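J.: Pasting coords33.txt below, which is compact mmCIF, C-alpha atoms.
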```txt
# COMPACT_ATOMS: atom_id res chain seq x y z
CA MET A 1021 -24.66 7.70 2.87
CA GLU A 1022 -24.68 5.18 0.07
CA CYS A 1023 -22.17 2.69 -1.30
CA ASP A 1024 -20.59 4.01 -4.52
CA ARG A 1025 -21.01 0.63 -6.15
CA CYS A 1026 -24.51 -0.58 -5.24
CA GLY A 1027 -26.39 2.12 -3.37
CA ALA A 1028 -26.73 0.14 -0.11
CA ASP A 1029 -25.91 1.86 3.19
CA ALA A 1030 -22.20 2.64 3.38
CA VAL A 1031 -20.30 1.39 6.43
CA MET A 1032 -17.06 3.24 5.72
CA HIS A 1033 -15.40 6.12 3.92
CA ALA A 1034 -11.84 5.82 2.66
CA ALA A 1035 -10.72 9.44 2.39
CA TYR A 1036 -7.52 8.39 0.55
CA SER A 1037 -9.56 7.02 -2.37
CA GLY A 1038 -12.81 8.91 -1.87
CA ALA A 1039 -14.76 5.63 -1.75
CA HIS A 1040 -17.89 4.99 0.30
CA LEU A 1041 -18.53 1.26 0.57
CA CYS A 1042 -21.23 -0.99 1.98
CA GLU A 1043 -20.34 -4.04 4.05
CA GLU A 1044 -20.24 -6.41 1.08
CA HIS A 1045 -18.15 -4.19 -1.16
CA PHE A 1046 -15.82 -3.20 1.68
CA ARG A 1047 -15.15 -6.86 2.45
CA GLU A 1048 -14.49 -7.57 -1.21
CA SER A 1049 -12.19 -4.57 -1.43
CA LEU A 1050 -10.07 -5.63 1.55
CA GLU A 1051 -9.81 -9.23 0.35
CA ARG A 1052 -8.82 -8.04 -3.12
CA ARG A 1053 -6.04 -5.86 -1.68
CA VAL A 1054 -4.62 -8.80 0.28
CA ARG A 1055 -4.68 -11.08 -2.76
CA ARG A 1056 -3.13 -8.38 -4.93
CA ARG A 1057 -0.30 -7.98 -2.41
CA VAL A 1058 0.26 -11.76 -2.43
CA ARG A 1059 0.61 -11.56 -6.23
CA ARG A 1060 2.74 -8.40 -6.30
CA ASP A 1061 5.15 -9.81 -3.74
CA ASP A 1062 5.39 -13.06 -5.74
CA LEU A 1063 4.56 -15.07 -2.65
CA VAL A 1064 3.37 -18.11 -4.60
CA PRO A 1065 6.38 -19.32 -6.60
CA LYS A 1066 5.88 -20.59 -10.13
CA ASP A 1067 7.10 -24.06 -9.23
CA ALA A 1068 4.57 -24.50 -6.40
CA SER A 1069 2.28 -27.42 -7.20
CA PRO A 1070 0.12 -29.98 -5.38
CA ALA A 1071 3.18 -32.26 -5.49
CA ASN A 1072 5.44 -29.46 -4.24
CA PRO A 1073 3.21 -27.51 -1.82
CA GLN A 1074 4.42 -24.40 -0.03
CA THR A 1075 4.23 -24.20 3.76
CA TRP A 1076 3.26 -20.77 5.06
CA VAL A 1077 3.54 -20.14 8.79
CA ILE A 1078 1.28 -17.36 10.10
CA GLY A 1079 2.25 -15.64 13.34
CA LEU A 1080 -1.16 -15.68 15.01
CA SER A 1081 -1.40 -13.56 18.16
CA GLY A 1082 -5.17 -13.41 18.43
CA GLY A 1083 -5.29 -9.65 17.86
CA LYS A 1084 -7.37 -8.26 15.01
CA ASP A 1085 -4.55 -8.09 12.45
CA SER A 1086 -3.35 -11.68 12.55
CA ILE A 1087 -6.93 -12.95 12.93
CA VAL A 1088 -8.01 -11.10 9.77
CA LEU A 1089 -4.88 -12.21 7.89
CA THR A 1090 -5.51 -15.84 8.83
CA GLN A 1091 -9.19 -15.65 7.87
CA VAL A 1092 -8.54 -14.06 4.46
CA LEU A 1093 -5.61 -16.33 3.55
CA SER A 1094 -7.49 -19.40 4.69
CA GLU A 1095 -10.45 -18.53 2.46
CA THR A 1096 -8.19 -17.56 -0.44
CA PHE A 1097 -6.24 -20.80 -0.38
CA ALA A 1098 -8.87 -23.19 1.00
CA GLU A 1099 -9.20 -24.95 -2.34
CA ASP A 1100 -5.58 -24.47 -3.42
CA PRO A 1101 -3.47 -27.59 -2.80
CA ARG A 1102 -0.26 -25.62 -3.47
CA ILE A 1103 -0.42 -23.76 -0.15
CA GLU A 1104 -0.48 -25.28 3.34
CA LEU A 1105 -1.11 -22.89 6.22
CA VAL A 1106 0.25 -23.44 9.73
CA CYS A 1107 -0.63 -21.03 12.55
CA LEU A 1108 1.91 -20.35 15.28
CA THR A 1109 0.89 -18.69 18.54
CA ILE A 1110 3.39 -17.57 21.15
CA HIS A 1111 2.48 -17.29 24.82
CA GLU A 1112 4.85 -14.71 26.29
CA GLY A 1113 3.86 -15.33 29.88
CA ILE A 1114 1.55 -12.34 30.22
CA GLU A 1115 -1.17 -13.55 32.51
CA GLY A 1116 -4.75 -12.85 31.53
CA TYR A 1117 -3.90 -10.92 28.36
CA ARG A 1118 -2.34 -13.77 26.39
CA ASP A 1119 -4.60 -16.41 27.93
CA ARG A 1120 -7.63 -14.68 26.43
CA SER A 1121 -6.06 -13.96 23.04
CA LEU A 1122 -4.96 -17.60 22.85
CA GLU A 1123 -8.63 -18.57 23.20
CA ALA A 1124 -9.41 -16.33 20.18
CA CYS A 1125 -6.68 -18.10 18.19
CA LEU A 1126 -7.94 -21.57 19.12
CA ASP A 1127 -11.48 -20.54 18.29
CA LEU A 1128 -10.44 -19.33 14.81
CA THR A 1129 -8.17 -22.21 13.85
CA GLU A 1130 -10.79 -24.72 14.98
CA THR A 1131 -13.45 -22.99 12.86
CA LEU A 1132 -11.13 -22.83 9.84
CA ASP A 1133 -9.73 -26.31 10.48
CA LEU A 1134 -6.10 -25.12 10.35
CA ARG A 1135 -3.01 -26.69 11.86
CA HIS A 1136 -2.14 -24.65 14.96
CA GLU A 1137 0.96 -24.82 17.16
CA VAL A 1138 1.31 -23.00 20.48
CA VAL A 1139 4.68 -22.34 22.11
CA SER A 1140 5.64 -20.35 25.20
CA TYR A 1141 8.63 -18.32 26.35
CA GLU A 1142 8.46 -20.36 29.53
CA ASP A 1143 8.97 -23.67 27.71
CA GLU A 1144 11.47 -22.18 25.24
CA PHE A 1145 13.58 -20.01 27.53
CA GLY A 1146 12.33 -20.56 31.08
CA VAL A 1147 11.13 -16.95 31.34
CA ARG A 1148 7.79 -15.18 31.55
CA MET A 1149 7.35 -11.58 30.37
CA ASP A 1150 5.48 -10.67 33.58
CA ASP A 1151 8.67 -11.53 35.54
CA VAL A 1152 11.06 -10.01 32.97
CA VAL A 1153 9.22 -6.67 33.23
CA GLU A 1154 9.40 -6.85 37.02
CA ASP A 1155 13.17 -7.47 37.09
CA ASP A 1156 14.13 -5.46 33.98
CA PRO A 1157 17.89 -6.13 34.22
CA GLU A 1158 18.74 -4.11 31.09
CA ASN A 1159 16.55 -1.13 31.97
CA MET A 1160 14.61 -1.42 28.70
CA ALA A 1161 10.99 -1.28 27.57
CA ALA A 1162 9.13 -4.59 27.76
CA CYS A 1163 8.73 -4.67 23.96
CA ALA A 1164 12.52 -4.61 23.52
CA TYR A 1165 12.91 -7.95 25.34
CA CYS A 1166 9.72 -9.42 23.95
CA GLY A 1167 10.55 -8.55 20.34
CA VAL A 1168 13.92 -10.32 20.51
CA PHE A 1169 12.34 -13.45 21.99
CA ARG A 1170 9.43 -13.39 19.55
CA ARG A 1171 11.67 -13.10 16.49
CA ASP A 1172 13.76 -16.01 17.77
CA VAL A 1173 10.74 -18.26 18.33
CA LEU A 1174 9.09 -17.35 15.03
CA SER A 1175 12.27 -17.98 13.02
CA ARG A 1176 13.16 -21.24 14.75
CA TYR A 1177 9.69 -22.71 14.46
CA ALA A 1178 9.26 -21.52 10.88
CA GLU A 1179 12.46 -23.40 10.13
CA ALA A 1180 11.37 -26.45 12.14
CA PHE A 1181 8.11 -26.59 10.17
CA ASP A 1182 10.18 -26.38 6.99
CA ALA A 1183 8.31 -23.21 6.11
CA ASP A 1184 8.76 -21.43 2.80
CA LEU A 1185 7.34 -18.22 4.19
CA LEU A 1186 6.63 -16.57 7.54
CA LEU A 1187 3.63 -14.23 7.46
CA THR A 1188 2.70 -11.55 9.96
CA GLY A 1189 -0.33 -9.28 10.24
CA HIS A 1190 1.39 -5.89 9.97
CA ASN A 1191 -1.02 -3.35 8.51
CA LEU A 1192 -0.50 -0.09 6.60
CA ASP A 1193 -0.29 2.02 9.77
CA ASP A 1194 2.35 -0.30 11.29
CA GLU A 1195 4.49 -0.23 8.18
CA ALA A 1196 4.13 3.51 7.50
CA GLN A 1197 5.17 4.13 11.13
CA SER A 1198 8.22 1.86 10.80
CA ALA A 1199 9.15 3.51 7.50
CA LEU A 1200 8.92 7.00 8.98
CA MET A 1201 10.84 5.95 12.10
CA ASN A 1202 13.69 4.53 10.01
CA PHE A 1203 13.70 7.67 7.90
CA LEU A 1204 13.68 10.05 10.89
CA GLU A 1205 16.43 8.04 12.54
CA GLY A 1206 18.45 8.36 9.33
CA ASP A 1207 18.87 4.61 9.27
CA VAL A 1208 19.31 3.79 5.58
CA SER A 1209 20.95 0.42 6.23
CA GLN A 1210 17.87 -0.54 8.27
CA MET A 1211 15.72 0.35 5.24
CA ALA A 1212 17.77 -2.07 3.14
CA LYS A 1213 17.36 -4.79 5.77
CA HIS A 1214 13.60 -4.11 5.91
CA PHE A 1215 13.37 -4.60 2.13
CA GLU A 1216 15.36 -7.83 2.15
CA ALA A 1217 13.59 -9.24 5.22
CA SER A 1218 9.94 -8.62 4.48
CA LEU A 1219 9.10 -5.70 2.21
CA GLY A 1220 10.43 -6.53 -1.23
CA PRO A 1221 8.81 -8.89 -3.72
CA LEU A 1222 10.33 -12.34 -3.16
CA SER A 1223 11.72 -12.34 -6.69
CA GLU A 1224 13.69 -9.14 -5.98
CA ARG A 1225 15.16 -10.13 -2.61
CA ARG A 1226 18.63 -11.52 -2.46
CA ALA A 1227 18.50 -15.09 -1.21
CA GLN A 1228 19.20 -15.35 2.51
CA GLU A 1229 19.80 -19.01 3.21
CA GLU A 1230 19.91 -18.40 6.97
CA PHE A 1231 16.36 -17.08 7.32
CA VAL A 1232 12.86 -18.10 6.28
CA PRO A 1233 11.60 -15.14 4.21
CA ARG A 1234 8.86 -13.02 5.72
CA ALA A 1235 5.91 -11.23 4.17
CA LYS A 1236 3.15 -8.87 5.27
CA PRO A 1237 0.14 -9.27 3.02
CA LEU A 1238 -2.02 -6.84 5.06
CA ARG A 1239 0.32 -3.94 4.57
CA ASP A 1240 -1.87 -2.13 2.06
CA VAL A 1241 -4.80 -2.05 4.47
CA PRO A 1242 -5.16 0.76 7.04
CA GLU A 1243 -5.41 -0.45 10.62
CA LYS A 1244 -8.89 0.94 11.00
CA GLU A 1245 -10.14 -1.11 8.06
CA VAL A 1246 -8.61 -4.29 9.50
CA ALA A 1247 -10.54 -3.63 12.72
CA LEU A 1248 -13.72 -2.85 10.79
CA TYR A 1249 -13.42 -6.09 8.81
CA ALA A 1250 -12.98 -8.11 12.02
CA HIS A 1251 -15.99 -6.33 13.54
CA LEU A 1252 -18.27 -6.80 10.52
CA ARG A 1253 -17.43 -10.49 10.19
CA ASP A 1254 -17.63 -10.99 13.93
CA LEU A 1255 -14.21 -12.66 13.95
CA PRO A 1256 -12.95 -13.78 17.36
CA ALA A 1257 -10.32 -11.02 17.65
CA HIS A 1258 -9.13 -10.37 21.16
CA ILE A 1259 -9.71 -6.73 22.03
CA SER A 1260 -7.40 -5.56 24.75
CA GLU A 1261 -3.92 -4.11 24.65
CA CYS A 1262 -0.82 -5.73 26.07
CA PRO A 1263 -0.44 -4.45 29.67
CA HIS A 1264 3.32 -4.05 29.17
CA SER A 1265 3.08 -2.19 25.84
CA SER A 1266 5.26 0.92 25.94
CA GLU A 1267 6.50 2.02 22.54
CA ALA A 1268 6.59 5.75 23.24
CA TYR A 1269 8.34 6.83 20.03
CA ARG A 1270 6.04 4.75 17.83
CA GLY A 1271 3.07 6.33 19.62
CA GLU A 1272 4.41 9.79 18.80
CA ILE A 1273 4.81 8.85 15.13
CA GLN A 1274 1.33 7.36 15.11
CA ARG A 1275 -0.20 10.67 16.32
CA LEU A 1276 1.81 12.56 13.72
CA LEU A 1277 0.53 10.27 10.97
CA TYR A 1278 -3.10 10.59 12.11
CA GLY A 1279 -2.78 14.37 11.74
CA LEU A 1280 -1.07 14.16 8.35
CA GLU A 1281 -3.59 11.63 7.05
CA GLU A 1282 -6.45 13.84 8.19
CA ASN A 1283 -5.13 16.91 6.36
CA HIS A 1284 -3.58 15.05 3.41
CA PRO A 1285 -5.46 11.78 2.77
CA GLY A 1286 -3.21 9.13 1.26
CA THR A 1287 -0.10 10.13 3.22
CA ARG A 1288 0.42 6.63 4.68
CA HIS A 1289 0.19 5.04 1.23
CA SER A 1290 2.62 7.52 -0.29
CA ILE A 1291 5.10 7.25 2.59
CA LEU A 1292 5.20 3.49 2.19
CA SER A 1293 5.39 3.49 -1.58
CA GLY A 1294 8.27 6.00 -1.63
CA TYR A 1295 9.97 4.16 1.20
CA GLU A 1296 9.80 0.86 -0.67
CA GLU A 1297 11.48 2.48 -3.66
CA LEU A 1298 14.22 3.98 -1.47
CA ALA A 1299 14.65 0.72 0.45
CA ARG A 1300 15.08 -1.15 -2.85
CA LEU A 1301 17.80 1.30 -3.91
CA ALA A 1302 19.45 1.02 -0.49
CA THR A 1303 19.81 -2.75 -0.90
CA ASP A 1304 22.29 -2.14 -3.76
CA ARG A 1305 24.38 0.14 -1.57
CA TYR A 1306 24.32 -2.03 1.54
CA HIS A 1307 24.32 -5.50 0.02
CA GLY A 1308 26.99 -7.65 1.58
CA ASP A 1309 27.87 -5.21 4.37
CA ASP A 1310 26.46 -7.42 7.11
CA HIS A 1311 26.45 -10.68 5.28
CA ALA A 1312 30.12 -11.50 5.66
CA GLU A 1313 29.97 -11.12 9.43
CA LEU A 1314 27.19 -13.64 10.05
CA ARG A 1315 28.17 -16.48 12.38
CA GLU A 1316 26.67 -18.97 14.80
CA CYS A 1317 25.88 -17.96 18.38
CA VAL A 1318 28.18 -19.87 20.76
CA GLU A 1319 25.21 -20.58 23.07
CA CYS A 1320 22.32 -21.55 20.81
CA GLY A 1321 23.76 -21.78 17.31
CA SER A 1322 21.39 -19.23 15.80
CA THR A 1323 22.63 -16.85 13.12
CA THR A 1324 24.05 -13.64 14.56
CA THR A 1325 26.69 -10.98 13.99
CA GLN A 1326 28.01 -11.26 17.58
CA GLU A 1327 29.73 -14.08 19.44
CA ARG A 1328 26.58 -14.50 21.50
CA CYS A 1329 23.20 -13.58 19.97
CA ARG A 1330 21.00 -10.87 21.43
CA LYS A 1331 18.50 -13.38 22.79
CA CYS A 1332 21.18 -15.32 24.67
CA SER A 1333 22.72 -12.18 26.16
CA LEU A 1334 19.31 -10.99 27.32
CA LEU A 1335 18.58 -14.38 28.85
CA GLU A 1336 21.92 -14.27 30.64
CA SER A 1337 21.08 -10.86 32.18
CA ILE A 1338 17.62 -12.07 33.18
CA ARG A 1339 18.98 -15.22 34.84
CA ALA A 1340 21.63 -13.22 36.68
CA VAL A 1341 18.96 -11.25 38.60
CA MET B 1419 -29.51 18.96 18.97
CA ARG B 1420 -27.38 17.35 21.65
CA VAL B 1421 -25.54 14.16 20.78
CA THR B 1422 -24.40 11.58 23.32
CA VAL B 1423 -21.04 10.12 22.32
CA ASP B 1424 -20.19 6.93 24.23
CA VAL B 1425 -16.50 6.12 23.84
CA THR B 1426 -16.52 2.47 24.87
CA GLY B 1427 -14.60 1.83 28.04
CA GLU B 1428 -13.53 5.46 28.38
CA GLY B 1429 -16.50 7.71 29.05
CA VAL B 1430 -19.54 9.53 27.73
CA HIS B 1431 -19.54 13.00 26.15
CA GLU B 1432 -22.52 15.28 25.49
CA ILE B 1433 -21.94 17.49 22.46
CA ASP B 1434 -24.15 20.35 21.37
CA LEU B 1435 -24.25 20.32 17.56
CA GLU B 1436 -25.08 24.04 17.39
CA ARG B 1437 -21.77 24.79 19.07
CA LEU B 1438 -19.75 23.06 16.37
CA GLU B 1439 -18.39 25.30 13.64
CA SER B 1440 -19.75 23.35 10.69
CA ALA B 1441 -23.25 24.12 9.41
CA SER B 1442 -23.96 20.41 8.89
CA PRO B 1443 -21.65 18.58 11.31
CA THR B 1444 -20.33 15.14 10.47
CA TYR B 1445 -19.31 12.28 12.76
CA ALA B 1446 -15.71 13.34 12.11
CA ASP B 1447 -16.56 16.77 13.54
CA LEU B 1448 -17.88 15.10 16.70
CA LEU B 1449 -14.67 13.07 16.97
CA ALA B 1450 -12.53 16.17 16.49
CA ARG B 1451 -14.40 17.80 19.39
CA ILE B 1452 -13.22 15.04 21.73
CA GLU B 1453 -9.76 14.93 20.12
CA LEU B 1454 -10.07 11.57 18.41
CA SER B 1455 -8.91 10.89 14.87
CA PRO B 1456 -11.26 9.01 12.53
CA HIS B 1457 -8.24 6.79 11.82
CA GLU B 1458 -8.14 5.44 15.36
CA VAL B 1459 -11.84 4.74 15.97
CA SER B 1460 -15.01 3.38 14.41
CA VAL B 1461 -18.33 5.18 14.82
CA LEU B 1462 -21.38 2.97 15.37
CA VAL B 1463 -25.00 4.04 15.04
CA ASP B 1464 -27.40 1.45 16.44
CA GLY B 1465 -24.48 -0.99 16.41
CA ARG B 1466 -23.69 -0.48 12.69
CA PRO B 1467 -20.51 1.27 11.46
CA VAL B 1468 -21.10 4.54 9.57
CA PRO B 1469 -18.78 6.64 7.36
CA GLU B 1470 -17.23 9.43 9.42
CA ASP B 1471 -17.94 12.02 6.74
CA ALA B 1472 -21.71 11.40 6.97
CA PRO B 1473 -23.83 14.17 8.53
CA VAL B 1474 -24.90 13.54 12.12
CA GLU B 1475 -28.56 12.55 12.15
CA VAL B 1476 -28.92 10.72 15.46
CA GLU B 1477 -28.70 11.68 19.12
CA GLN B 1478 -26.64 8.70 20.30
CA ILE B 1479 -23.46 7.20 18.87
CA THR B 1480 -20.92 4.67 20.09
CA VAL B 1481 -17.22 5.06 19.40
CA LEU B 1482 -14.90 2.04 19.39
CA ARG B 1483 -11.22 2.75 19.73
CA LEU B 1484 -8.69 0.69 17.78
CA ILE B 1485 -6.74 -1.81 19.76
CA LYS B 1486 -3.06 -2.05 18.97
CA GLY B 1487 -1.54 -5.44 18.55
CA GLY B 1488 -1.65 -7.93 15.80
```
Could you spell out this file's structure in structure tokens?

T.:
Amino acid sequence: MECDRCGADAVMHAAYSGAHLCEEHFRESLERRVRRRVRRDDLVPKDASPANPQTWVIGLSGGKDSIVLTQVLSETFAEDPRIELVCLTIHEGIEGYRDRSLEACLDLTETLDLRHEVVSYEDEFGVRMDDVVEDDPENMAACAYCGVFRRDVLSRYAEAFDADLLLTGHNLDDEAQSALMNFLEGDVSQMAKHFEASLGPLSERRAQEEFVPRAKPLRDVPEKEVALYAHLRDLPAHISECPHSSEAYRGEIQRLLYGLEENHPGTRHSILSGYEELARLATDRYHGDDHAELRECVECGSTTTQERCRKCSLLESIRAV
Amino acid sequence: MRVTVDVTGEGVHEIDLERLESASPTYADLLARIELSPHEVSVLVDGRPVPEDAPVEVEQITVLRLIKGG
């Protein structure tokens, strides 16, 4: 089969657009979608300049998504003195798995000559996920602990680096799954939070002084295409799954979406675009509901709605074992 | 024609094209036979990715499954 644009051998078919693309045109297409998302989300503010550069922290895990995001952003802004990229890798204390993905991260940031910081749960909190999973004091999935710790580390370091933006490698499949999960759970206030935290264009989000804003520039790109891009460019993406991964509900939604996408190409795009519109509307309804209750955690001082933040209560349970 | 489908790290399947319903089976038809979605794998022919809607013209393909995790 031939590329629609040049007649060379196609390497992929995007059923949602009908396109068949060769390697060169597929690469261009993915890079264009990432840059378009950066523009649409107003990620580069008008007052950014070489004298007032923006610091963007990329959460770099070493998996395909964050590796591709880092590669594309690095090439996009290599010659742009307004944007400074810093990569942040977190070692959760998952032996073997994270050791190897950390090597992929180091390999990439060395090649791209990017600033790269590595932090660990062990140094930050005195815990390792391998032990947390073993003890499991709250009887929860591993990802439930890990997600709380990861968000804490990412936010704190983004703040410590004086970041203007925190970027993660969530792709279209990830975001369409989250959107559908929030919808099926009937959680409209969560949709509003999603919009304010990472989904909405920066110019439309209400300022949240407490948090570094987040963005997901890969969210227009299906997961499969992210993997294909990493494969074609031979990027050093680490290819094994976390041994503790156990998001059963997300897995169920993922299978559902594969089936829908197969029978109705474009479903993931339309779910996310409708969800963004609903989430934007929900921010009007829910604005201020949580805001007034924000306070400082008595243990660590981070912003929370409780007396003690979720991270500190989890750490307390873990240490009590 | 029989096609050998090597799902990397998981196993090898032999699929008889004549037994598939389609008159000119595609790589997506082969995937459907082993209950894989084209959205969760890449199909490689001689190490190169191919569109899943292309007709099957070779006797050996490799299937790479997507790895979750960013």

J.: With a cut-off of 7 Å and counting all atoms listed in the file, select all residues of chain A in contact with chain B and give the selection as a list in words.

T.: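 Listed by rising number, the hits are Met1021, Ala1030, Val1031, Met1032, His1033, Ser1081, Gly1083, Lys1084, Asp1085, Ser1086, Gly1189, His1190, Lys1244, Ala1247, Ile1259, Ser1260, Glu1261 and Tyr1278 of chain A.
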
J.: Rank B:Leu1448, B:Glu1436, B:Gly1465, B:His1431 by their smallest atom-to-atom distance to B:Met1419, using all atoms listed in the file, and report the top residue only.

T.: B:Glu1436

J.: For B:Thr1426, find every residue with an atom within 10 Å (counting only C-alpha atoms), except residues of its own chain fewer than 3 positions away, and show them as a ChimeraX atom specification.

T.: /B:1423,1429-1430,1480-1483

J.: Need to verify the contact set: stretch 1218-1221 of chain A, 8 Å, all atoms listed in the file, exclusion of same-chain residues closer than 3 positions in sequence. Can you return it as a list in words?

T.: Arg1060, Asp1061, Asp1062, Leu1063, His1214, Phe1215, Glu1224, Arg1225, Pro1233, Arg1234, Ala1235, Lys1236, Glu1296 and Arg1300 of chain A

J.: As an exercise, work out the distance from atom CA of A:Glu1095 to atom CA of A:Glu1195 in Å and give it to one decimal place.

T.: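 For atom CA of A:Glu1095 relative to atom CA of A:Glu1195, the distance reads 24.3 Å.
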
J.: With distances taken over all atoms listed in the file, which of A:Pro1101, A:Gly1146, A:Gly1286, A:Gly1082 is nearest to A:Asp1119?

T.: A:Gly1082

J.: What is the atom CA of B:Leu1438-atom CA of A:Glu1281 distance in Å, reported with one decimal?

T.: 21.9 Å

J.: Please indicate the distance in Å from atom CA of A:Glu1130 to atom CA of A:Ser1175, rounded to one decimal place.

T.: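 That distance, rounded to one decimal, is 24.1 Å.
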
J.: Identify which of the residues B:Ile1479, B:Val1474, B:Ala1441, B:Glu1453 lies closest to B:Asp1424, counting all atoms listed in the file when measuring atom-to-atom distances.

T.: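 Among the listed residues, the smallest separation from B:Asp1424 belongs to B:Ile1479.
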
J.: Draw an axis-aligned box tight on the listed atoms of stretch 1271-1276 of chain A, then pad every side by 6 Å and write out centre and edge lengths in Å to one decimal as JSON.

T.:
```
{"center_x": 2.3, "center_y": 9.4, "center_z": 16.7, "size_x": 17.0, "size_y": 18.2, "size_z": 17.9}
```

J.: Nearest residue to A:Cys1317 out of A:Ala1250, A:Val1054, A:Ser1333, A:Tyr1036, using all atoms listed in the file?

T.: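 Going through A:Ala1250, A:Val1054, A:Ser1333, A:Tyr1036 one by one, the smallest distance to A:Cys1317 is for A:Ser1333.
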
J.: I'd like to know which of A:Val1077, A:Val1106, A:Leu1277, A:Leu1314 is closest to A:Glu1229, using only C-alpha atoms.

T.: A:Leu1314

J.: Given the point (1.6, -21.8, 23.8) in the file's coordinates, find the residues that have an atom at most 9 Å from it, counting all atoms listed in the file, and give them as a PyMOL selection string.

T.: chain A and resi 1108-1112+1122+1137-1141+1143

J.: Rank nothing, just name the residue among A:Ala1028, A:Leu1192, A:Val1058, A:Leu1105 nearest to A:Phe1046, using all atoms listed in the file.

T.: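 The shortest atom-to-atom distance to A:Phe1046 comes from A:Ala1028.
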
J.: With a distance cut-off of 10 Å and only C-alpha atoms, select the neighbouring residues of A:Gly1027, excluding the residue or stretch itself and same-chain residues fewer than 4 positions from it, and output the selection as a list of chain:residue names.

T.: A:Met1021, A:Glu1022, A:Cys1023, A:His1040, A:Leu1041, A:Cys1042

J.: Using all atoms listed in the file, determine which residues lie at most 8 Å from A:Gly1113, disregarding the query and same-chain residues fewer than 4 positions distant; provide the list as an mmCIF file with C-alpha atoms, in the coordinates of the input.

T.:
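Result written to result.cif:
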```
data_model
loop_
_atom_site.group_PDB
_atom_site.id
_atom_site.type_symbol
_atom_site.label_atom_id
_atom_site.label_comp_id
_atom_site.auth_asym_id
_atom_site.auth_seq_id
_atom_site.Cartn_x
_atom_site.Cartn_y
_atom_site.Cartn_z
ATOM 1 C CA ARG A 1118 -2.340 -13.770 26.390
ATOM 2 C CA SER A 1140 5.640 -20.350 25.200
ATOM 3 C CA TYR A 1141 8.630 -18.320 26.350
ATOM 4 C CA GLU A 1142 8.460 -20.360 29.530
ATOM 5 C CA VAL A 1147 11.130 -16.950 31.340
ATOM 6 C CA ARG A 1148 7.790 -15.180 31.550
ATOM 7 C CA MET A 1149 7.350 -11.580 30.370
ATOM 8 C CA ASP A 1150 5.480 -10.670 33.580
#
```

J.: Since the input has fewer atoms than a full residue there, write stretch 1229-1242 of chain A out with N, CA and C atoms, as a CSV table (one decimal), in the coordinates of the input.

T.:
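Listing of rebuild-v9.csv after writing:
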```csv
chain,number,residue,atom,x,y,z
A,1229,GLU,N,19.9,-17.6,2.8
A,1229,GLU,CA,19.8,-19.0,3.2
A,1229,GLU,C,19.5,-19.2,4.7
A,1230,GLU,N,20.0,-18.2,5.5
A,1230,GLU,CA,19.9,-18.4,7.0
A,1230,GLU,C,18.5,-18.2,7.5
A,1231,PHE,N,17.7,-17.5,6.8
A,1231,PHE,CA,16.4,-17.1,7.3
A,1231,PHE,C,15.2,-17.5,6.4
A,1232,VAL,N,14.1,-17.9,7.1
A,1232,VAL,CA,12.9,-18.1,6.3
A,1232,VAL,C,12.4,-16.7,5.9
A,1233,PRO,N,12.1,-16.5,4.6
A,1233,PRO,CA,11.6,-15.1,4.2
A,1233,PRO,C,10.3,-14.8,4.9
A,1234,ARG,N,10.1,-13.5,5.1
A,1234,ARG,CA,8.9,-13.0,5.7
A,1234,ARG,C,8.0,-12.2,4.7
A,1235,ALA,N,6.8,-12.1,5.0
A,1235,ALA,CA,5.9,-11.2,4.2
A,1235,ALA,C,4.8,-10.7,5.0
A,1236,LYS,N,4.2,-9.6,4.5
A,1236,LYS,CA,3.2,-8.9,5.3
A,1236,LYS,C,2.0,-8.5,4.3
A,1237,PRO,N,1.2,-9.5,4.0
A,1237,PRO,CA,0.1,-9.3,3.0
A,1237,PRO,C,-0.9,-8.3,3.4
A,1238,LEU,N,-1.0,-7.8,4.7
A,1238,LEU,CA,-2.0,-6.8,5.1
A,1238,LEU,C,-1.5,-5.4,5.0
A,1239,ARG,N,-0.3,-5.3,4.4
A,1239,ARG,CA,0.3,-3.9,4.6
A,1239,ARG,C,-0.2,-2.8,3.7
A,1240,ASP,N,-1.2,-3.2,2.8
A,1240,ASP,CA,-1.9,-2.1,2.1
A,1240,ASP,C,-3.2,-1.7,2.7
A,1241,VAL,N,-3.5,-2.3,3.8
A,1241,VAL,CA,-4.8,-2.0,4.5
A,1241,VAL,C,-4.6,-1.2,5.7
A,1242,PRO,N,-5.3,0.0,5.8
A,1242,PRO,CA,-5.2,0.8,7.0
A,1242,PRO,C,-5.7,0.0,8.3
```
